[in-house]
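Student: Have a look at the structure that comes next, please.
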Amino acid sequence: MKYYNDADHTETQEWLDAFESVIKHSDKDRARFLLKALYNMAVQEGLPFNRLDTAYLNTIPVEDEPTYPGDLGIERKIRALVRYNALAMVMRANQNDDDLGGHLATFASSATLYETGFNHFFRAASDHFGGDMIYYQGHSAPGIYARSFLEGRLTKEQLENFRREVGGKGLSSYPHPYLMPDYWQFPTVSMGLGPIMSIYHAHVHNYLINRGLLEDEDRKIWAFLGDGETDEPESLGAISLAGREKLDNLIWVVNCNLQRLDGPVRGNGKIIQELESVFRGAGWRVIKVIWGGKWDTLLDKDHSGALKRRMEETVDGEYQLYEARDGAFTRKEFFGKYPELAEMAEQLTDEDIRHLNRGGHDPIKVYAAFSEAMKTKGQPTVVLVKTVKGYGLSTQAQAVNKAHQIKKLDKEGLVYFRDRFDLPFTDEELDELPFYRPDENSAEMKYLRGRREALGGHLPNRRSGHIPLNIPDLSIFDRVLKGSNGKEQSTTMVFVRLLSAMLKDKDIQDRVVPIVPDEARTFGLEGMFRQLGIYSSAGQKYIPEDSEALMGYKEAKDGHMLEEGINEAGAMSAWIALATSYSVNALPMIPLYIYYSMFGFQRVGDLAWAAGDCQAQGFLLGGTAGRTTLNGEGLQHQDGHSHILFGTVPNCVSYDPCYGYELAVIMHDGLRRMYGEGERVYYYITLMNENYEQPAMPEGVEEGIKRGMYLLEDNSHLHATAHVQLLGSGTILREVQKAAKILFEEFNVSANVWSVTSFNELTREGMACDDYNRLHPMEEEKVPWVTEQLAKHDGVVIAATDYMRNYSEQIRAWLPDNRPYSTLGTDGYGRSDSRAQLRNFFHVNAEHIVVATLKRLADEGEVEMRLVKDAITSLGIDVDQPPAWQPQPQYDHFPDAPAPDNVNPNPVPELVEEEDEEISSEGRAEDQADAELLNDEDVEE
């Protein structure tokens with residue numbers, strides 16, 4: 001190998017010869033050791049290497065490329081037809097005023113990548129094989145549809161209805177399993193989600209294998225993404241996990257067309273080199289496919305190293321420019337820099353130079369890379385493929401900055417496209433943009449079907465059928481349903497008991513997977529460390545310091561529990577992989593991911609939405625929930641809005657229970673709906689860390705708990721001046737109960753107390769009834785549950801929750817007879833203080849509920865307004881406190897003070913020893929030995 005302008009070529013060659021000798025006559029481990037020793041010495045001598053990239057060349061040398069097993073001529077014809085039908089589909093969708101959009105340039109650049117995969121690598125699921133899993137790049141969807149049309153899986157009518165989904169005949173804009181449940185496996189167009197989900201999918205897949213729940217069939221998870229997409233933090237944020245766990249079931253293909261939506265990805269640099277360095281550092285195998293076969297002869301003649309030098313120094317912005325210009329421009333600007341290159345280019349015409357191809361458009365180069373990726377053991381693989389954005393569309397559309405936005409070609413562009421790919425259309429036929437499928441007996445169709453038959457069947461394909469699990473009766477939770485018998489417990493601790501009961505049930509115990517981000521001790525789950533084991537792909541190679549403890553830390557290769565570290569996005573991705581296992585693996589799993597509720601939707605909302613799209617099934621548990629329930633934490637930790645946010649996901653069922661029996665009923669109903677009956681929903685349930693006595697379940701409340709509200713305390717029989725209905729949820733329900741007692745004992749107002757387990761579910765049912773009644777004017781009207789229940793009892797309605805007022809405001813429209821309604825909530829940023837102080841600050845404690853009730857009664861003329869003033873005084877309410885949602889006055893604890901005389905203006909700060917901060921976890925049981933985990937009755941000392 002020659003290096004251009006090498007100061008001492010002979011010395012360089014001696015070093016290279018010596019190293020080659022080590023490889024040939026010793027072994028690769030020895031060669032690796034010597035390289036590491038040299039690298040360490042270089043760093044110690046102050047010569048650090050900041051990058052881990054290699055020469056800007058293909059990783060696989062020409063002599064190591066395998067023989068191509070397919071018919072290149074037929075495959076080129078098929079690829080051209082797929083390109084054309086994708087183009088026609090998008091253009092036809094925009095031949096009117098609807099302007100539905102679509103994307104051409106992404107698939108144009110990646111068609112060879114996908115076709116090589118479809119023809120030779122992507123294996124479908126069958127009765128004998130689980131199938132590979134493929135995360136398609138979202139903007140490439142038109143090309144995937146076009147291929148399915150050639151295969152006969154999609155009709156012309158469906159292609160004509162691209163992006164027209166309302167009538168049920170169209171195709172979704174991007175990969176959406178919710179909209180096409182038998183076709184797409186994974187939603188990917190929200191960029192960055194496909195990459196992180198694919199990593200945790202591979203991680204969870206090995207978890208299921210190591211636990212003995214799946215056979216190891218060497219299935220592969222393929223993820224296709226764009227180079228611009230790697231700027232999303234989620235794209236590269238988890239690649240170290242894949243390297244650390246040696247996920248050789250994972251293959252990423254990064255389509256490096258050097259362009260993102262608006263322009264170059266790294267116009268002043270080289271994205272392939274940058275990504276190579278990042279992935280190598282994370283432990284991945286990197287395979288670069290930069291140059292197509294038409295460069296091979298030139299590279300072979302590069303005796304001076306000038307070509308390799310020019311390839312290395314040219315930045316991506318220049319490469320984009322060369323593709324957008326003609327051969328004469330490239331001759332001058334690229335080859336003209338060094339005389340050796342100019343001489344090399346003299347043997348080429350401008351047209352020859354124009355057609356020097358990038359590696360991603362050469363099926364031989366792509367096949368060689370994919371083949372190596374399939375054989376890689378002990379590490380994940382990333383294939384960095386250089387392509388041209390908008391490849392082949394027209395000379396005006398490829399490699400231009402606006403390529404991503406192009407959804408139409410003019411007549412000249414269509415003619416260029418036809419001629420470029422040898423399509424069988426006349427100029428007149430092109431005007432009609434007909435969809436085209438060859439005759440069923442043609443060589444192309446036989447080849448197309450034969451290749452997919454050899455690989456197990458058609459793709460994309462998604463299992464959408466229901467595989468029921470045997471769900472135990474509600475009695476499995478009897479110990480919780482009977483109450484805590486005077487002992488104070490948080491609903492978080494109740495959840496631990498429910499989880500323990502599920503883990504003991506022989507029908508579902510293997511399917512139940514507890515997931516924590518790094519908060520097991522906060523939630524009282526550390527007892528499961530020893531009894532379940534924490535999954536680790538490497539097992540446990542050390543003796544933990546608490547190995548002798550009853551609840552010592554235990555990692556295991558077949559560990560049951562997933563602890564994903566301080567990584568909510570990763571934990572959520574692992575949850576999604578398990579929550580969709582019923583489809584991907586024909587293996588229903590029951591993931592239960594518990595986390596700080598504030599760090600849920602607010603951090604991973606895009607993933608929560610994607611979970612709904614891919615019809616995930618499982619439980620998300622928002623622990624330490626509520627804006628006033630988490631003692632000692634403040635603005636960043638206190639959640640008063642997660643229910644509002646989760647209410648935006650159409651198939652997420654959310655509840656905010658106060659008592660343990662409510663939680664038991666909700667979780668059992670979730671098991672029934674999702675795993676017994678196959679309903680494609682998932683659950684979000686908030687858990688609190690406030691300890692209080694858990695009562696036994698009253699009779700006949702199960703239906704109300706599930707539907708969203710029930711009458712907890714019926715005080716309508718009391719003789720009083722006025723009657724009211726008080727609604728509460730979560731721990732604020734207990735404040736409502738206190739308020740009801742104060743109202744009667746001090747103000748002679750009787751109050752019914754309603755436990756509202758879900759304002760979201762009440763709202764959804766109310767909207768559904770409204771729609772039905774509007775559209776069926778002659779039918780008997782449907783009555784929402786909230787209307788039906790409150791209509792049985794008179795009086796104004798007051799609601800209080802630990803969430804923003806919008807949460808309870810949702811049901812106003814369905815109160816019977818326009819019943820007067822007041823809401824209290826925790827709008828504003830959180831504060832660090834005691835629960836009592838916080839509830840007073842946010843006006844959701846019993847005293848404020850009393851005043852709100854009396855004020856509403858006074859407004860309606862049922863009591864004197866003077867009574868409200870007397871209540872404010874007697875209950876000690878500060879009327880001058882500014883509302884919590886308004887900006888608060890700045891602290892004035894530290895007024896400016898004059899500086900003493902003779903003080904050094906730049907003193908050296910003294911080191912101050914800080915006392916260790918004691919971290920309390922109120923969510924766990926005070927007495928760990930008494931905690932019910934898997935078998936708390938038989939805990940050994």
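Please note that chains go A, B, ... in the order of the structure tokens, that every chain numbers its residues from 1, and that ligands are numbered from 1 in the order shown.
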Show which residues sit within 9 Å of A:Arg856, as a PyMOL selection string. Count only C-alpha atoms, and ignore same-chain residues fewer than 5 positions away.

Tutor: chain A and resi 796-798+820-822+851+861-862

Student: So that each row is one residue of stretch 413-523 of chain A with an atom at most 7 Å from stretch 76-100 of chain A, can you give its shortest atom pair and the distance in Å to one decimal, using only C-alpha atoms, rows by chain and rising number, as a tab-separated table?

Tutor:
```
residue	atom	partner	partner_atom	distance
A:Phe421	CA	A:Ala80	CA	5.7
A:Leu433	CA	A:Ala88	CA	5.6
A:Phe435	CA	A:Asn85	CA	5.8
A:Tyr436	CA	A:Asn85	CA	6.8
A:Glu444	CA	A:Ile78	CA	6.4
```

Student: Kindly assemble as a Markdown table a list of the stretch 402-516 of chain A residues that lie within 7 Å of stretch 569-584 of chain A, each paired with its nearest atom pair and their distance in Å to one decimal, using only C-alpha atoms, sorted first by chain and then by ascending residue number.

Tutor:
```
| residue | atom | partner | partner_atom | distance |
| --- | --- | --- | --- | --- |
| A:Arg462 | CA | A:Ser583 | CA | 6.7 |
| A:Arg463 | CA | A:Ser583 | CA | 4.9 |
| A:Ser464 | CA | A:Ser583 | CA | 6.0 |
```

Student: Between A:Tyr661, A:Ser240, A:Asn206, A:Lys2, which one has atoms that come closest to A:Glu702, using only C-alpha atoms?

Tutor: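 Ranking A:Tyr661, A:Ser240, A:Asn206, A:Lys2 by distance to A:Glu702, first place goes to A:Tyr661.
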
Student: Hey, can you check how far atom CA of A:Leu469 sits from atom CA of A:Ala125?

Tutor: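 Atom-to-atom, atom CA of A:Leu469 and atom CA of A:Ala125 are spaced 21.9 Å apart.
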
Student: Report the residues of stretch 341-388 of chain A whose backbone DSSP state falls under strand (DSSP E or B), written as an NGL selection string.

Tutor: :A and (358 or 381-386)

Student: Next, dump the selected residues to file, keeping only C-alpha atoms, as a short mmCIF file (atom, residue, chain, number, x, y, z; two decimals), in the first residue's frame.

Tutor:
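As a result, selection-v4.cif now contains:
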```cif
data_model
loop_
_atom_site.label_atom_id
_atom_site.label_comp_id
_atom_site.auth_asym_id
_atom_site.auth_seq_id
_atom_site.Cartn_x
_atom_site.Cartn_y
_atom_site.Cartn_z
CA ARG A 358 -20.82 4.52 -4.90
CA THR A 381 -22.33 -5.15 13.11
CA VAL A 382 -22.90 -1.81 11.45
CA VAL A 383 -22.67 -1.55 7.67
CA LEU A 384 -21.88 2.02 6.61
CA VAL A 385 -23.02 2.29 3.00
CA LYS A 386 -22.30 5.29 0.81
#
```

Student: Under the rule that only C-alpha atoms are counted, which of A:Leu525, A:Arg163, A:Asp639, A:Leu645 is the nearest residue to A:Trp609?

Tutor: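 When distances to A:Trp609 are compared using only C-alpha atoms, the smallest one comes from A:Leu645.
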
Student: Output as an MDAnalysis selection string all residues of stretch 796-885 of chain A that backbone DSSP marks as helix (DSSP H, G or I).

Tutor: chainID A and resid 805:809 812:814 816:818 835:841 846:859 865:874

Student: Give me a file of those residues, with N, CA and C atoms, as a short mmCIF file (atom, residue, chain, number, x, y, z; two decimals), in the first residue's frame.

Tutor:
```cif
data_model
loop_
_atom_site.label_atom_id
_atom_site.label_comp_id
_atom_site.auth_asym_id
_atom_site.auth_seq_id
_atom_site.Cartn_x
_atom_site.Cartn_y
_atom_site.Cartn_z
N ARG A 805 -55.51 20.74 37.06
CA ARG A 805 -56.98 20.80 37.05
C ARG A 805 -57.57 20.29 35.74
N ASN A 806 -56.79 20.40 34.65
CA ASN A 806 -57.30 19.87 33.37
C ASN A 806 -57.66 18.40 33.46
N TYR A 807 -57.01 17.68 34.35
CA TYR A 807 -57.27 16.25 34.47
C TYR A 807 -58.73 16.00 34.88
N SER A 808 -59.20 16.68 35.90
CA SER A 808 -60.58 16.49 36.35
C SER A 808 -61.57 17.35 35.58
N GLU A 809 -61.08 18.43 34.93
CA GLU A 809 -61.98 19.28 34.15
C GLU A 809 -62.57 18.53 32.96
N ARG A 812 -66.46 17.64 32.75
CA ARG A 812 -67.49 18.65 32.99
C ARG A 812 -68.68 18.49 32.05
N ALA A 813 -68.44 18.15 30.80
CA ALA A 813 -69.50 18.09 29.80
C ALA A 813 -70.53 17.01 30.10
N TRP A 814 -70.18 16.02 30.94
CA TRP A 814 -71.09 14.89 31.16
C TRP A 814 -71.69 14.85 32.55
N PRO A 816 -74.60 15.49 35.03
CA PRO A 816 -76.04 15.55 34.74
C PRO A 816 -76.62 16.94 35.00
N ASP A 817 -77.52 17.35 34.09
CA ASP A 817 -78.28 18.59 34.27
C ASP A 817 -77.38 19.82 34.45
N ASN A 818 -76.24 19.82 33.76
CA ASN A 818 -75.31 20.95 33.89
C ASN A 818 -74.98 21.25 35.34
N ARG A 835 -45.82 16.75 52.90
CA ARG A 835 -47.08 16.57 52.18
C ARG A 835 -48.13 17.58 52.65
N ALA A 836 -48.20 17.79 53.93
CA ALA A 836 -49.21 18.72 54.46
C ALA A 836 -49.00 20.12 53.91
N GLN A 837 -47.75 20.56 53.90
CA GLN A 837 -47.45 21.91 53.39
C GLN A 837 -47.73 22.00 51.89
N LEU A 838 -47.36 20.97 51.15
CA LEU A 838 -47.56 21.00 49.71
C LEU A 838 -49.04 21.01 49.36
N ARG A 839 -49.83 20.22 50.05
CA ARG A 839 -51.26 20.17 49.73
C ARG A 839 -51.96 21.48 50.09
N ASN A 840 -51.47 22.14 51.11
CA ASN A 840 -51.99 23.46 51.41
C ASN A 840 -51.56 24.47 50.35
N PHE A 841 -50.28 24.36 49.93
CA PHE A 841 -49.74 25.28 48.93
C PHE A 841 -50.51 25.17 47.61
N ALA A 846 -57.72 18.95 52.65
CA ALA A 846 -59.11 18.87 53.10
C ALA A 846 -59.70 20.24 53.33
N GLU A 847 -58.91 21.15 53.94
CA GLU A 847 -59.41 22.47 54.27
C GLU A 847 -59.81 23.25 53.01
N HIS A 848 -58.98 23.19 51.99
CA HIS A 848 -59.31 23.90 50.75
C HIS A 848 -60.50 23.24 50.04
N ILE A 849 -60.60 21.92 50.14
CA ILE A 849 -61.76 21.24 49.54
C ILE A 849 -63.04 21.69 50.23
N VAL A 850 -62.98 21.86 51.56
CA VAL A 850 -64.15 22.35 52.31
C VAL A 850 -64.54 23.74 51.84
N VAL A 851 -63.57 24.63 51.74
CA VAL A 851 -63.86 26.00 51.33
C VAL A 851 -64.41 26.03 49.90
N ALA A 852 -63.81 25.24 49.00
CA ALA A 852 -64.30 25.20 47.61
C ALA A 852 -65.73 24.71 47.56
N THR A 853 -66.05 23.74 48.41
CA THR A 853 -67.42 23.21 48.44
C THR A 853 -68.40 24.25 48.94
N LEU A 854 -68.06 24.92 50.04
CA LEU A 854 -68.95 25.93 50.60
C LEU A 854 -69.13 27.11 49.63
N LYS A 855 -68.05 27.49 48.95
CA LYS A 855 -68.15 28.60 47.99
C LYS A 855 -69.10 28.23 46.86
N ARG A 856 -69.00 27.03 46.35
CA ARG A 856 -69.90 26.62 45.28
C ARG A 856 -71.34 26.57 45.77
N LEU A 857 -71.55 26.10 46.99
CA LEU A 857 -72.90 26.09 47.56
C LEU A 857 -73.43 27.51 47.72
N ALA A 858 -72.56 28.41 48.16
CA ALA A 858 -72.98 29.79 48.32
C ALA A 858 -73.33 30.42 46.97
N ASP A 859 -72.54 30.10 45.94
CA ASP A 859 -72.83 30.61 44.59
C ASP A 859 -74.20 30.15 44.11
N MET A 865 -72.99 33.26 52.06
CA MET A 865 -71.60 33.52 51.68
C MET A 865 -70.74 33.76 52.92
N ARG A 866 -71.39 34.25 54.00
CA ARG A 866 -70.66 34.49 55.23
C ARG A 866 -70.05 33.20 55.76
N LEU A 867 -70.71 32.09 55.49
CA LEU A 867 -70.21 30.80 55.97
C LEU A 867 -68.85 30.47 55.32
N VAL A 868 -68.67 30.89 54.09
CA VAL A 868 -67.39 30.66 53.41
C VAL A 868 -66.28 31.44 54.10
N LYS A 869 -66.59 32.72 54.43
CA LYS A 869 -65.60 33.54 55.13
C LYS A 869 -65.26 32.96 56.49
N ASP A 870 -66.25 32.47 57.21
CA ASP A 870 -66.01 31.88 58.52
C ASP A 870 -65.15 30.62 58.38
N ALA A 871 -65.40 29.83 57.33
CA ALA A 871 -64.62 28.61 57.13
C ALA A 871 -63.16 28.94 56.84
N ILE A 872 -62.94 29.97 56.02
CA ILE A 872 -61.57 30.37 55.71
C ILE A 872 -60.83 30.74 56.98
N THR A 873 -61.52 31.45 57.88
CA THR A 873 -60.89 31.87 59.14
C THR A 873 -60.65 30.69 60.06
N SER A 874 -61.68 29.87 60.24
CA SER A 874 -61.57 28.77 61.20
C SER A 874 -60.60 27.69 60.74
#
```

Student: Just the residues within 8 Å of A:Tyr803, please, counting only C-alpha atoms, with nothing from its chain fewer than 2 positions along; format it as a list in words.

Tutor: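 Once the adjacent positions are removed, what remains is Gly626, Arg627, Asp639, Gly640, His641, His643, Thr801, Arg805, Tyr807, Gly825, Thr826 and Asp827 of chain A.
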
Student: Taking into account only C-alpha atoms, which residue in the set A:Ile272, A:Met41, A:Leu430, A:Cys614 is nearest to A:Gly194?

Tutor: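 Using only C-alpha atoms, the shortest distance to A:Gly194 belongs to A:Cys614.
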
Student: What does the structure give for the distance between atom CA of A:Asp613 and atom CA of A:Asn210, in Å to one decimal?

Tutor: 28.3 Å
